[in-house]
$ cat target.txt   # compact mmCIF, C-alpha atoms (C1' of nucleotides)
# COMPACT_ATOMS: atom_id res chain seq x y z
CA MET G 67 -7.16 -1.55 4.57
CA LYS G 68 -7.67 -1.12 8.27
CA LEU G 69 -7.75 -3.48 11.16
CA SER G 70 -10.44 -2.32 13.59
CA LYS G 71 -9.75 -1.51 17.21
CA LYS G 72 -11.91 -4.47 18.07
CA GLY G 73 -9.66 -6.68 15.98
CA GLU G 74 -6.56 -5.18 17.48
CA TYR G 75 -7.86 -5.63 21.02
CA ALA G 76 -8.82 -9.20 20.30
CA LEU G 77 -5.37 -10.00 18.99
CA ARG G 78 -3.54 -8.23 21.79
CA SER G 79 -5.60 -10.03 24.38
CA LEU G 80 -5.24 -13.41 22.73
CA ILE G 81 -1.50 -12.90 22.62
CA ASN G 82 -1.62 -12.21 26.33
CA LEU G 83 -3.64 -15.36 26.87
CA GLY G 84 -0.97 -17.17 24.89
CA ILE G 85 1.70 -15.75 27.16
CA ALA G 86 -0.35 -16.73 30.18
CA ALA G 87 -0.53 -20.29 28.90
CA GLU G 88 3.22 -20.32 28.38
CA VAL G 89 3.71 -19.19 31.98
CA GLU G 90 1.36 -21.86 33.29
CA ARG G 91 -1.29 -19.46 34.38
CA GLU G 92 -4.56 -21.19 33.79
CA LEU G 93 -7.06 -18.41 33.80
CA VAL G 94 -6.89 -14.70 33.15
CA GLN G 95 -9.74 -12.34 33.87
CA VAL G 96 -10.99 -9.84 31.36
CA ALA G 97 -10.24 -7.09 33.86
CA ALA G 98 -6.60 -8.18 34.03
CA LEU G 99 -6.31 -8.41 30.27
CA ALA G 100 -7.88 -5.00 29.89
CA LYS G 101 -5.57 -3.49 32.44
CA SER G 102 -2.41 -4.90 30.95
CA GLU G 103 -3.15 -3.30 27.58
CA ARG G 104 -5.21 -0.40 28.88
CA LEU G 105 -8.37 -1.39 27.05
CA PRO G 106 -11.98 -0.63 27.99
CA VAL G 107 -13.14 -3.53 30.13
CA LYS G 108 -16.73 -3.76 28.99
CA PHE G 109 -15.76 -3.56 25.38
CA LEU G 110 -13.26 -6.33 25.84
CA GLU G 111 -15.93 -8.40 27.55
CA GLN G 112 -18.02 -8.26 24.42
CA ILE G 113 -15.08 -9.24 22.31
CA PHE G 114 -14.47 -12.26 24.46
CA GLN G 115 -18.05 -13.39 24.06
CA ALA G 116 -17.38 -13.53 20.35
CA LEU G 117 -14.07 -15.31 20.81
CA LYS G 118 -15.74 -17.83 23.04
CA GLU G 119 -18.63 -18.42 20.69
CA ALA G 120 -16.09 -19.05 17.96
CA GLY G 121 -14.33 -21.62 20.11
CA LEU G 122 -11.04 -19.77 20.37
CA VAL G 123 -11.22 -19.33 24.13
CA GLU G 124 -13.05 -21.05 26.92
CA SER G 125 -14.25 -19.55 30.13
CA GLN G 126 -14.70 -20.39 33.75
CA ARG G 127 -17.49 -18.46 35.36
CA GLY G 128 -17.79 -17.22 38.90
CA LYS G 129 -15.24 -16.02 41.37
CA PHE G 130 -11.64 -16.64 40.32
CA GLY G 131 -12.97 -17.45 36.92
CA GLY G 132 -11.53 -16.12 33.69
CA TYR G 133 -10.55 -17.12 30.20
CA ARG G 134 -7.99 -19.40 28.64
CA LEU G 135 -7.19 -20.38 25.09
CA ALA G 136 -9.47 -23.22 24.02
CA LYS G 137 -6.67 -24.85 22.03
CA PRO G 138 -2.91 -24.60 21.60
CA ALA G 139 -1.76 -21.21 20.35
CA ARG G 140 -0.11 -23.03 17.46
CA GLU G 141 -3.57 -23.97 16.19
CA ILE G 142 -4.99 -20.46 16.14
CA THR G 143 -4.00 -18.46 13.10
CA ILE G 144 -4.10 -14.71 13.07
CA GLY G 145 -6.26 -14.90 9.99
CA GLN G 146 -8.97 -16.77 11.88
CA VAL G 147 -9.14 -14.06 14.49
CA VAL G 148 -9.17 -11.20 12.02
CA ARG G 149 -11.86 -12.84 9.90
CA LEU G 150 -13.96 -13.52 12.96
CA ILE G 151 -13.84 -9.96 14.24
CA ASP G 152 -13.39 -7.88 11.11
CA GLY G 153 -14.77 -10.07 8.37
CA PRO G 154 -13.08 -11.21 5.16
CA LEU G 155 -9.47 -10.32 4.46
CA ALA G 156 -10.13 -9.51 0.81
CA PRO G 157 -10.16 -5.83 -0.18
CA ILE G 158 -13.22 -6.39 -2.35
CA GLY G 159 -15.94 -9.01 -2.18
CA CYS G 160 -15.29 -10.57 -5.56
CA VAL G 161 -11.89 -11.90 -4.47
CA SER G 162 -12.90 -13.18 -1.06
CA GLN G 163 -12.42 -16.90 -0.51
CA SER G 164 -14.49 -17.03 2.64
CA ALA G 165 -17.29 -14.64 1.67
CA TYR G 166 -17.42 -14.14 -2.07
CA THR G 167 -19.87 -11.60 -3.41
CA ARG G 168 -20.20 -10.78 -7.05
CA CYS G 169 -19.07 -7.34 -8.09
CA THR G 170 -20.56 -5.09 -10.72
CA CYS G 171 -18.04 -5.52 -13.52
CA PRO G 172 -19.30 -7.57 -16.46
CA ASP G 173 -16.51 -10.07 -17.07
CA GLU G 174 -15.25 -10.86 -13.64
CA THR G 175 -12.80 -13.59 -14.50
CA HIS G 176 -10.60 -11.25 -16.50
CA CYS G 177 -11.16 -7.92 -14.79
CA GLY G 178 -7.79 -6.27 -14.32
CA LEU G 179 -8.66 -4.63 -11.05
CA ARG G 180 -10.01 -7.86 -9.70
CA MET G 181 -6.84 -9.77 -10.47
CA LEU G 182 -4.76 -7.12 -8.78
CA MET G 183 -6.95 -7.26 -5.71
CA LEU G 184 -6.76 -11.02 -5.78
CA ASP G 185 -3.01 -10.69 -5.47
CA VAL G 186 -3.48 -8.35 -2.55
CA ARG G 187 -5.90 -10.65 -0.80
CA ASN G 188 -3.52 -13.58 -1.34
CA ALA G 189 -0.64 -11.59 0.04
CA ILE G 190 -2.60 -10.69 3.15
CA ALA G 191 -3.94 -14.19 3.65
CA GLY G 192 -0.50 -15.59 2.92
CA ILE G 193 0.75 -13.85 6.03
CA LEU G 194 -2.21 -13.90 8.36
CA ASP G 195 -3.08 -17.53 7.67
CA ARG G 196 0.56 -18.56 7.89
CA TYR G 197 1.38 -17.16 11.28
CA THR G 198 -0.28 -18.35 14.43
CA LEU G 199 -0.76 -16.93 17.87
CA ALA G 200 2.17 -19.07 18.98
CA ASP G 201 4.47 -17.25 16.59
CA VAL G 202 3.51 -13.84 17.87
CA VAL G 203 3.69 -15.05 21.45
CA GLU G 204 7.16 -16.38 20.83
CA ILE G 205 8.36 -13.09 19.43
CA THR G 206 6.83 -11.16 22.27
CA LEU G 207 8.38 -13.44 24.85
CA ARG G 208 11.79 -13.14 23.26
CA LYS G 209 11.57 -9.42 23.48
CA LEU G 210 10.40 -9.42 27.07
CA ARG G 211 13.15 -11.80 28.13
CA ARG G 212 15.85 -9.92 26.28
CA ASN G 213 14.76 -6.73 27.97
CA GLY G 214 14.60 -8.41 31.34
CA VAL G 215 10.97 -7.46 31.71
CA PRO G 216 9.08 -9.77 34.10
CA LEU G 217 6.56 -11.78 32.14
CA PRO G 218 2.96 -10.72 32.58
CA PHE G 219 0.54 -13.09 34.29
CA SER G 220 3.34 -15.02 35.95
CA ALA G 221 3.73 -13.41 39.37
CA GLU G 222 0.57 -14.60 41.06
CA ALA G 223 0.70 -17.84 39.21
CA ALA G 224 4.17 -18.60 40.57
CA ALA G 225 3.09 -17.76 44.09
CA LYS G 226 -0.03 -19.86 43.88
CA ARG G 227 1.08 -23.16 42.57
CA ARG G 228 4.48 -24.58 43.38
CA THR G 229 3.16 -28.09 43.04
CA ARG G 230 3.87 -28.62 39.36
CA ASN G 231 7.13 -27.98 37.50
CA PRO G 232 6.99 -24.46 36.19
CA SER G 233 10.53 -24.56 34.78
CA VAL G 234 9.78 -27.04 32.05
CA ALA G 235 7.72 -24.75 29.88
CA ARG G 236 6.82 -26.82 26.88
CA ARG G 237 8.33 -24.98 24.01
CA GLY G 238 6.10 -24.84 20.97
CA ALA G 239 6.95 -27.34 18.26
CA ARG G 240 9.12 -25.90 15.52
CA ARG G 241 7.05 -24.08 12.97
CA PRO G 242 6.37 -26.19 9.90
CA ALA G 243 7.66 -23.64 7.40
CA ARG G 244 4.93 -23.72 4.78
CA ASN G 245 6.82 -21.95 2.08
CA ARG G 246 4.55 -19.62 0.23
CA LEU G 247 6.56 -16.46 0.66
CA HIS G 248 10.00 -15.69 -0.60
CA GLU G 249 12.75 -16.09 1.95
CA THR G 250 13.67 -12.44 1.92
CA GLU G 251 10.12 -11.31 2.56
CA GLY G 252 8.89 -10.59 6.00
CA VAL G 253 10.25 -9.25 9.22
CA LEU G 254 8.83 -12.16 11.14
CA HIS G 255 10.38 -14.71 8.88
CA GLN G 256 13.74 -13.13 9.42
CA ILE G 257 13.27 -12.89 13.13
CA PHE G 258 12.50 -16.56 13.31
CA GLY G 259 16.02 -16.90 12.14
CA GLU G 260 15.92 -19.56 9.49
CA TYR G 261 17.91 -17.02 7.58
CA SER G 262 19.59 -14.70 9.99
CA ILE G 263 21.76 -17.23 11.84
CA MET K 67 -9.10 -4.74 5.14
CA LYS K 68 -11.55 -3.20 2.75
CA LEU K 69 -11.17 -0.98 -0.25
CA SER K 70 -13.98 1.56 -0.21
CA LYS K 71 -16.47 1.96 -3.03
CA LYS K 72 -14.96 5.36 -3.60
CA GLY K 73 -11.57 3.78 -4.04
CA GLU K 74 -12.94 1.12 -6.31
CA TYR K 75 -14.77 3.67 -8.44
CA ALA K 76 -11.67 5.82 -8.67
CA LEU K 77 -9.58 2.89 -9.84
CA ARG K 78 -12.15 1.63 -12.32
CA SER K 79 -12.52 5.07 -13.82
CA LEU K 80 -8.80 5.69 -13.99
CA ILE K 81 -8.37 2.39 -15.74
CA ASN K 82 -10.95 3.54 -18.24
CA LEU K 83 -9.10 6.80 -18.70
CA GLY K 84 -6.00 4.72 -19.31
CA ILE K 85 -7.81 2.74 -21.97
CA ALA K 86 -9.08 5.95 -23.50
CA ALA K 87 -5.52 7.24 -23.72
CA GLU K 88 -4.42 4.01 -25.36
CA VAL K 89 -7.17 4.45 -27.96
CA GLU K 90 -6.24 8.06 -28.64
CA ARG K 91 -9.32 9.51 -27.13
CA GLU K 92 -8.28 12.74 -25.55
CA LEU K 93 -11.10 13.52 -23.19
CA VAL K 94 -13.73 11.46 -21.46
CA GLN K 95 -16.64 12.97 -19.61
CA VAL K 96 -17.57 11.92 -16.11
CA ALA K 97 -21.00 11.01 -17.40
CA ALA K 98 -19.45 8.61 -19.92
CA LEU K 99 -17.17 7.06 -17.30
CA ALA K 100 -20.07 6.67 -14.93
CA LYS K 101 -22.21 5.06 -17.57
CA SER K 102 -19.56 2.56 -18.65
CA GLU K 103 -19.21 1.21 -15.12
CA ARG K 104 -22.71 2.06 -13.93
CA LEU K 105 -21.60 4.40 -11.20
CA PRO K 106 -23.48 7.34 -9.69
CA VAL K 107 -22.49 10.39 -11.72
CA LYS K 108 -22.45 12.99 -8.99
CA PHE K 109 -20.47 10.77 -6.71
CA LEU K 110 -17.91 10.17 -9.43
CA GLU K 111 -17.71 13.91 -10.03
CA GLN K 112 -16.60 14.38 -6.46
CA ILE K 113 -14.03 11.66 -6.81
CA PHE K 114 -12.59 13.32 -9.87
CA GLN K 115 -12.20 16.60 -8.03
CA ALA K 116 -9.94 14.77 -5.63
CA LEU K 117 -8.06 13.03 -8.42
CA LYS K 118 -7.56 16.35 -10.13
CA GLU K 119 -6.43 18.11 -7.00
CA ALA K 120 -3.89 15.34 -6.53
CA GLY K 121 -2.61 15.85 -10.04
CA LEU K 122 -3.56 12.44 -11.35
CA VAL K 123 -5.98 13.75 -13.95
CA GLU K 124 -6.46 17.05 -15.69
CA SER K 125 -9.67 18.53 -16.92
CA GLN K 126 -11.01 20.61 -19.72
CA ARG K 127 -14.02 22.61 -18.75
CA GLY K 128 -16.98 23.68 -20.85
CA LYS K 129 -18.79 21.92 -23.64
CA PHE K 130 -16.99 18.86 -25.01
CA GLY K 131 -14.78 19.05 -21.98
CA GLY K 132 -13.83 16.09 -19.86
CA TYR K 133 -10.93 14.43 -18.10
CA ARG K 134 -7.69 12.84 -19.14
CA LEU K 135 -4.79 11.33 -17.24
CA ALA K 136 -2.38 14.05 -16.23
CA LYS K 137 0.60 11.78 -16.83
CA PRO K 138 1.41 8.46 -18.47
CA ALA K 139 -0.43 5.54 -16.91
CA ARG K 140 2.96 3.97 -16.26
CA GLU K 141 3.69 6.72 -13.77
CA ILE K 142 0.56 6.28 -11.70
CA THR K 143 0.81 3.48 -9.18
CA ILE K 144 -2.27 1.85 -7.76
CA GLY K 145 -0.91 2.58 -4.31
CA GLN K 146 -0.98 6.32 -4.96
CA VAL K 147 -4.63 6.16 -5.86
CA VAL K 148 -5.64 4.00 -2.93
CA ARG K 149 -3.73 6.17 -0.46
CA LEU K 150 -5.28 9.28 -1.90
CA ILE K 151 -8.83 8.03 -1.64
CA ASP K 152 -8.74 5.58 1.24
CA GLY K 153 -5.75 6.72 3.26
CA PRO K 154 -2.75 4.68 4.39
CA LEU K 155 -2.32 1.09 3.28
CA ALA K 156 -1.16 -0.07 6.70
CA PRO K 157 -3.63 -2.08 8.80
CA ILE K 158 -2.64 -0.11 11.90
CA GLY K 159 -1.20 3.35 12.28
CA CYS K 160 2.04 2.30 13.93
CA VAL K 161 3.26 0.53 10.78
CA SER K 162 2.25 3.17 8.28
CA GLN K 163 5.08 4.67 6.26
CA SER K 164 3.04 7.54 4.92
CA ALA K 165 1.04 8.40 8.05
CA TYR K 166 2.62 6.92 11.14
CA THR K 167 0.77 7.27 14.41
CA ARG K 168 2.01 5.85 17.65
CA CYS K 169 0.03 2.98 19.09
CA THR K 170 -0.67 2.19 22.70
CA CYS K 171 1.74 -0.64 23.31
CA PRO K 172 4.73 0.28 25.48
CA ASP K 173 7.67 -1.07 23.49
CA GLU K 174 6.68 -0.52 19.93
CA THR K 175 9.88 -1.58 18.24
CA HIS K 176 9.53 -5.15 19.43
CA CYS K 177 5.78 -5.60 19.66
CA GLY K 178 4.89 -8.90 18.06
CA LEU K 179 1.59 -7.76 16.66
CA ARG K 180 3.20 -4.72 15.20
CA MET K 181 5.86 -6.70 13.37
CA LEU K 182 3.23 -8.98 11.94
CA MET K 183 1.21 -6.03 10.74
CA LEU K 184 4.34 -4.50 9.34
CA ASP K 185 4.71 -7.58 7.19
CA VAL K 186 1.12 -7.20 6.07
CA ARG K 187 1.54 -3.54 5.22
CA ASN K 188 4.72 -4.36 3.28
CA ALA K 189 2.97 -7.11 1.40
CA ILE K 190 0.13 -4.82 0.41
CA ALA K 191 2.42 -1.95 -0.51
CA GLY K 192 4.69 -4.35 -2.32
CA ILE K 193 1.88 -5.04 -4.73
CA LEU K 194 0.01 -1.76 -4.90
CA ASP K 195 3.16 0.33 -5.23
CA ARG K 196 4.67 -2.05 -7.75
CA TYR K 197 1.87 -2.14 -10.25
CA THR K 198 0.78 0.89 -12.19
CA LEU K 199 -2.35 1.88 -14.00
CA ALA K 200 -0.60 0.88 -17.20
CA ASP K 201 -0.30 -2.70 -15.98
CA VAL K 202 -3.95 -2.99 -15.20
CA VAL K 203 -4.89 -1.27 -18.43
CA GLU K 204 -2.73 -3.72 -20.36
CA ILE K 205 -4.41 -6.70 -18.75
CA THR K 206 -7.83 -5.29 -19.36
CA LEU K 207 -7.05 -4.57 -23.01
CA ARG K 208 -5.70 -8.06 -23.56
CA LYS K 209 -8.90 -9.49 -22.24
CA LEU K 210 -11.10 -7.23 -24.32
CA ARG K 211 -9.16 -7.98 -27.49
CA ARG K 212 -9.12 -11.72 -26.88
CA ASN K 213 -12.86 -11.66 -26.42
CA GLY K 214 -13.33 -9.50 -29.50
CA VAL K 215 -15.07 -6.86 -27.46
CA PRO K 216 -14.89 -3.40 -29.07
CA LEU K 217 -12.73 -1.16 -26.94
CA PRO K 218 -14.59 1.46 -24.96
CA PHE K 219 -14.07 5.13 -25.76
CA SER K 220 -12.79 4.31 -29.24
CA ALA K 221 -15.87 4.61 -31.49
CA GLU K 222 -16.42 8.34 -31.43
CA ALA K 223 -12.74 8.97 -31.21
CA ALA K 224 -12.13 7.07 -34.41
CA ALA K 225 -14.92 8.92 -36.21
CA LYS K 226 -13.77 12.31 -35.05
CA ARG K 227 -10.12 12.43 -35.84
CA ARG K 228 -8.71 10.67 -38.83
CA THR K 229 -5.96 13.22 -39.05
CA ARG K 230 -3.38 11.49 -36.89
CA ASN K 231 -2.23 7.87 -37.08
CA PRO K 232 -4.44 5.87 -34.75
CA SER K 233 -2.88 2.53 -35.72
CA VAL K 234 0.48 3.20 -34.11
CA ALA K 235 -0.69 2.98 -30.55
CA ARG K 236 2.44 3.57 -28.52
CA ARG K 237 2.78 0.45 -26.49
CA GLY K 238 3.85 1.10 -22.95
CA ALA K 239 7.52 0.54 -22.23
CA ARG K 240 8.29 -2.89 -20.86
CA ARG K 241 7.73 -3.02 -17.14
CA PRO K 242 10.96 -2.62 -15.19
CA ALA K 243 10.56 -5.75 -13.09
CA ARG K 244 11.44 -4.44 -9.66
CA ASN K 245 11.86 -7.78 -7.99
CA ARG K 246 10.55 -7.68 -4.47
CA LEU K 247 8.13 -10.56 -4.76
CA HIS K 248 8.89 -14.16 -5.38
CA GLU K 249 8.49 -15.25 -8.97
CA THR K 250 5.72 -17.69 -8.18
CA GLU K 251 3.69 -15.10 -6.31
CA GLY K 252 0.95 -13.16 -7.94
CA VAL K 253 -1.59 -13.69 -10.63
CA LEU K 254 -0.57 -10.52 -12.39
CA HIS K 255 3.05 -11.45 -12.45
CA GLN K 256 2.18 -14.72 -14.10
CA ILE K 257 -0.13 -13.06 -16.57
CA PHE K 258 2.60 -10.70 -17.60
CA GLY K 259 4.27 -13.82 -18.77
CA GLU K 260 7.85 -13.42 -17.72
CA TYR K 261 7.37 -16.93 -16.46
CA SER K 262 4.52 -18.54 -18.29
CA ILE K 263 5.95 -18.42 -21.83
C1' DT O 184 -25.42 -18.98 53.59
C1' DT O 185 -23.86 -14.91 52.39
C1' DT O 186 -20.61 -12.22 49.79
C1' DA O 187 -17.51 -10.94 46.33
C1' DA O 188 -15.81 -11.70 41.97
C1' DT O 189 -16.43 -13.11 37.82
C1' DT O 190 -18.64 -14.24 33.21
C1' DC O 191 -22.93 -13.60 30.49
C1' DC O 192 -26.48 -11.04 28.08
C1' DT O 193 -28.86 -7.24 26.00
C1' DA O 194 -29.68 -2.76 25.03
C1' DC O 195 -28.25 1.76 24.05
C1' DT O 196 -25.53 5.70 22.26
C1' DG O 197 -22.50 9.27 20.32
C1' DA O 198 -19.35 9.93 16.72
C1' DA O 199 -17.48 8.96 12.57
C1' DT O 200 -17.55 7.14 8.04
C1' DT O 201 -19.66 5.72 3.84
C1' DA O 202 -22.07 6.39 -0.11
C1' DA O 203 -24.26 8.95 -1.97
C1' DT O 204 -27.93 13.14 -3.43
C1' DA O 205 -28.95 18.00 -4.33
C1' DG O 206 -28.49 22.28 -6.29
C1' DG O 207 -26.61 25.37 -8.22
C1' DG O 208 -22.11 28.22 -10.18
C1' DT O 209 -18.65 28.67 -13.85
C1' DT O 210 -16.56 27.86 -18.20
C1' DT O 211 -16.46 26.95 -23.05
C1' DA O 212 -17.67 25.37 -27.99
C1' DG O 213 -20.51 26.17 -31.36
C1' DC T 98 -26.89 32.71 -26.43
C1' DT T 99 -27.23 28.13 -25.13
C1' DA T 100 -26.11 23.50 -24.18
C1' DA T 101 -22.76 20.68 -22.19
C1' DA T 102 -19.52 20.08 -19.43
C1' DC T 103 -16.68 20.73 -15.01
C1' DC T 104 -16.64 23.02 -10.27
C1' DC T 105 -18.11 23.74 -5.52
C1' DT T 106 -20.58 23.18 -1.25
C1' DA T 107 -24.00 21.44 1.57
C1' DT T 108 -26.98 17.82 3.15
C1' DT T 109 -28.37 13.23 4.35
C1' DA T 110 -29.62 8.36 5.19
C1' DA T 111 -27.54 4.30 6.54
C1' DT T 112 -24.08 1.89 8.51
C1' DT T 113 -20.22 0.94 11.25
C1' DC T 114 -17.22 1.93 15.07
C1' DA T 115 -16.11 2.22 19.58
C1' DG T 116 -17.58 2.07 23.20
C1' DT T 117 -21.19 2.57 27.85
C1' DA T 118 -24.66 0.87 30.90
C1' DG T 119 -26.98 -2.13 33.78
C1' DG T 120 -27.88 -5.90 35.46
C1' DA T 121 -28.53 -11.47 35.58
C1' DA T 122 -26.31 -15.82 36.39
C1' DT T 123 -22.63 -18.44 38.28
C1' DT T 124 -19.07 -19.81 41.36
C1' DA T 125 -15.42 -19.97 45.20
C1' DA T 126 -14.63 -19.01 49.49
C1' DA T 127 -15.40 -16.82 54.16

$ encode --input "target.txt" --output "structure tokens"
Amino acid sequence: MKLSKKGEYALRSLINLGIAAEVERELVQVAALAKSERLPVKFLEQIFQALKEAGLVESQRGKFGGYRLAKPAREITIGQVVRLIDGPLAPIGCVSQSAYTRCTCPDETHCGLRMLMLDVRNAIAGILDRYTLADVVEITLRKLRRNGVPLPFSAEAAAKRRTRNPSVARRGARRPARNRLHETEGVLHQIFGEYSI
Amino acid sequence: MKLSKKGEYALRSLINLGIAAEVERELVQVAALAKSERLPVKFLEQIFQALKEAGLVESQRGKFGGYRLAKPAREITIGQVVRLIDGPLAPIGCVSQSAYTRCTCPDETHCGLRMLMLDVRNAIAGILDRYTLADVVEITLRKLRRNGVPLPFSAEAAAKRRTRNPSVARRGARRPARNRLHETEGVLHQIFGEYSI
DNA sequence: TTTAATTCCTACTGAATTAATAGGGTTTAG
DNA sequence: CTAAACCCTATTAATTCAGTAGGAATTAAA
């Protein structure tokens, strides 16, 4: 049930792009993204081609170019990214919503194993399609701020443009709690505090 | 987030062994198991070596030998089997309970991606460690009986031994509903009817 | 107009994993 | 003694994974 390195790198880098957006930095170069997470540059380049082709990021070519999110982080679910890079979430083809393939068992609709795996796929999708980049960015930012760590991708940005108001970072709209999971399930859900305060 | 063919074959075959047990058939040969699910025999042989080594099945060698479950189906969780054949359930090493490996990110305890993946791993484990072979066997049997399909591994068994009482199939003890999932979650949970009747 | 920095594109590659296949050795019932 | 089974080890073809490599095209700025 693995997430590939490619998938992990994609997510880590997109999270960083999300942070960059939050800190008003317009463009981030692949080299910078790679450095901040210690990832192989050329490999990450490839990944970004895929992300761009899928419309998740957009690029500016040439000197001082780079990448940015192509839409608000709130509109990019983790599930989208994982599916794009690693394929369907379902453990077996016959329970995939996005890429169904028939399996070998005779009566599929009542196969015990299939129904179990359907539950698994729904559990996975229930999380990965529920949470967006914005959620993970928010958590990461909280942590960084609590620890007093300077936010990545903000230093140069702050030095460069003092023209606009960098203090009024538009905080993401409150998450529209689509309730598919039980309240006690999920670290993230608890962190978001609808329960813990 | 794939389950390997090996894992799938292992589960399918164990389910069949569970059915065999329910029908009072003591031993089933790899060849018979392979035939009933149309799996490559030699490959399945290998898989059963692993299952045996792990203590999930036991074997009788020689003519009219075969395999049986080494313990009641109720005591074999799906998670055990998947971990044995496919390794940890966790999408990334740093959230694995059974085989933790440190990941590259600096502050692991508050990494946003990690917490998300922890939720995913818990969701998967919450299902696969909750349900046992007996559950899947029960579902499969229900289906077969409702469709009037003759149960596999019962024909010869019935002809061979009329000595003991084959009618009093010991029905598995009622599942001890360990409630970690919400009541509305899960096809299997609904099928088991604690809600639908 | 040149230069440096960047994305873009395509090909290649070594290692690991997957999904088997192959071939026999050992045990046991009849 | 033999047939039917499990047991054991090696091999392999195909695929995927995780990158590397090398340059072409584009762009901002000196």

$ atom_distance --input "target.txt" --atom1 "atom CA of G:Glu74" --atom2 "atom CA of G:Ile144"
10.8 Å

$ interface_residues --input "target.txt" --of "chain O" --to "chain G" --cutoff "12 Å" --atoms "only C-alpha atoms (C1' of nucleotides)" --output "ChimeraX atom specification"
/O:186-193

$ interface_residues --input "target.txt" --of "chain T" --to "chain G" --cutoff "6 Å" --atoms "only C-alpha atoms (C1' of nucleotides)" --output "mmCIF file with C-alpha atoms (C1' of nucleotides), in the coordinates of the input"
data_model
loop_
_atom_site.group_PDB
_atom_site.id
_atom_site.type_symbol
_atom_site.label_atom_id
_atom_site.label_comp_id
_atom_site.auth_asym_id
_atom_site.auth_seq_id
_atom_site.Cartn_x
_atom_site.Cartn_y
_atom_site.Cartn_z
ATOM 1 C "C1'" DT T 123 -22.630 -18.440 38.280
ATOM 2 C "C1'" DT T 124 -19.070 -19.810 41.360
ATOM 3 C "C1'" DA T 125 -15.420 -19.970 45.200
#

$ atom_distance --input "target.txt" --atom1 "atom CA of K:Ser79" --atom2 "atom CA of K:Leu117"
10.6 Å

$ closest_atom_pairs --input "target.txt" --of "chain G" --to "chain K" --cutoff "6 Å" --atoms "only C-alpha atoms" --output "tab-separated table"
residue	atom	partner	partner_atom	distance
G:Met67	CA	K:Met67	CA	3.8
G:Lys68	CA	K:Pro157	CA	4.2
G:Leu69	CA	K:Pro157	CA	5.0
G:Leu155	CA	K:Met67	CA	5.6
G:Pro157	CA	K:Lys68	CA	4.2
G:Gly178	CA	K:Val202	CA	5.1
G:Asp185	CA	K:Gly252	CA	5.3
G:Val186	CA	K:Ile190	CA	5.9
G:Ala189	CA	K:Ala189	CA	5.9
G:Ile190	CA	K:Val186	CA	5.9
G:Val202	CA	K:Gly178	CA	5.1
G:Ile205	CA	K:Gly178	CA	5.6
G:Thr206	CA	K:Gly178	CA	5.2
G:His248	CA	K:His248	CA	5.1
G:Gly252	CA	K:Asp185	CA	5.3

$ atom_distance --input "target.txt" --atom1 "atom CA of K:Ala139" --atom2 "atom CA of K:Gly84"
6.1 Å

$ axis_aligned_box --input "target.txt" --around "stretch 109-126 of chain T" --padding-each-side "6 Å" --output "AutoDock Vina command-line options"
--center_x -22.1 --center_y -3.4 --center_z 26.9 --size_x 27.0 --size_y 45.2 --size_z 57.1

$ closest_residue --input "target.txt" --among "T:DA126, T:DA121, T:DC114, T:DA107" --to "O:DA198" --atoms "all atoms listed in the file"
T:DC114

$ residues_around --input "target.txt" --residues "O:DG213" --least-positions-apart "2" --cutoff "10 Å" --atoms "all atoms listed in the file" --output "PyMOL selection string"
(chain K and resi 129) or (chain O and resi 211) or (chain T and resi 99-100)

$ residues_around --input "target.txt" --residues "K:Ala87" --least-positions-apart "3" --cutoff "9 Å" --atoms "all atoms listed in the file" --output "number ranges by chain"
K: 82-84, 90-93, 134-135, 138-139

$ write_last_selection --input "target.txt" --atoms "C-alpha atoms" --output "mmCIF file, in the frame of the given file"
data_model
loop_
_atom_site.group_PDB
_atom_site.id
_atom_site.type_symbol
_atom_site.label_atom_id
_atom_site.label_comp_id
_atom_site.auth_asym_id
_atom_site.auth_seq_id
_atom_site.Cartn_x
_atom_site.Cartn_y
_atom_site.Cartn_z
ATOM 1 C CA ASN K 82 -10.950 3.540 -18.240
ATOM 2 C CA LEU K 83 -9.100 6.800 -18.700
ATOM 3 C CA GLY K 84 -6.000 4.720 -19.310
ATOM 4 C CA GLU K 90 -6.240 8.060 -28.640
ATOM 5 C CA ARG K 91 -9.320 9.510 -27.130
ATOM 6 C CA GLU K 92 -8.280 12.740 -25.550
ATOM 7 C CA LEU K 93 -11.100 13.520 -23.190
ATOM 8 C CA ARG K 134 -7.690 12.840 -19.140
ATOM 9 C CA LEU K 135 -4.790 11.330 -17.240
ATOM 10 C CA PRO K 138 1.410 8.460 -18.470
ATOM 11 C CA ALA K 139 -0.430 5.540 -16.910
#
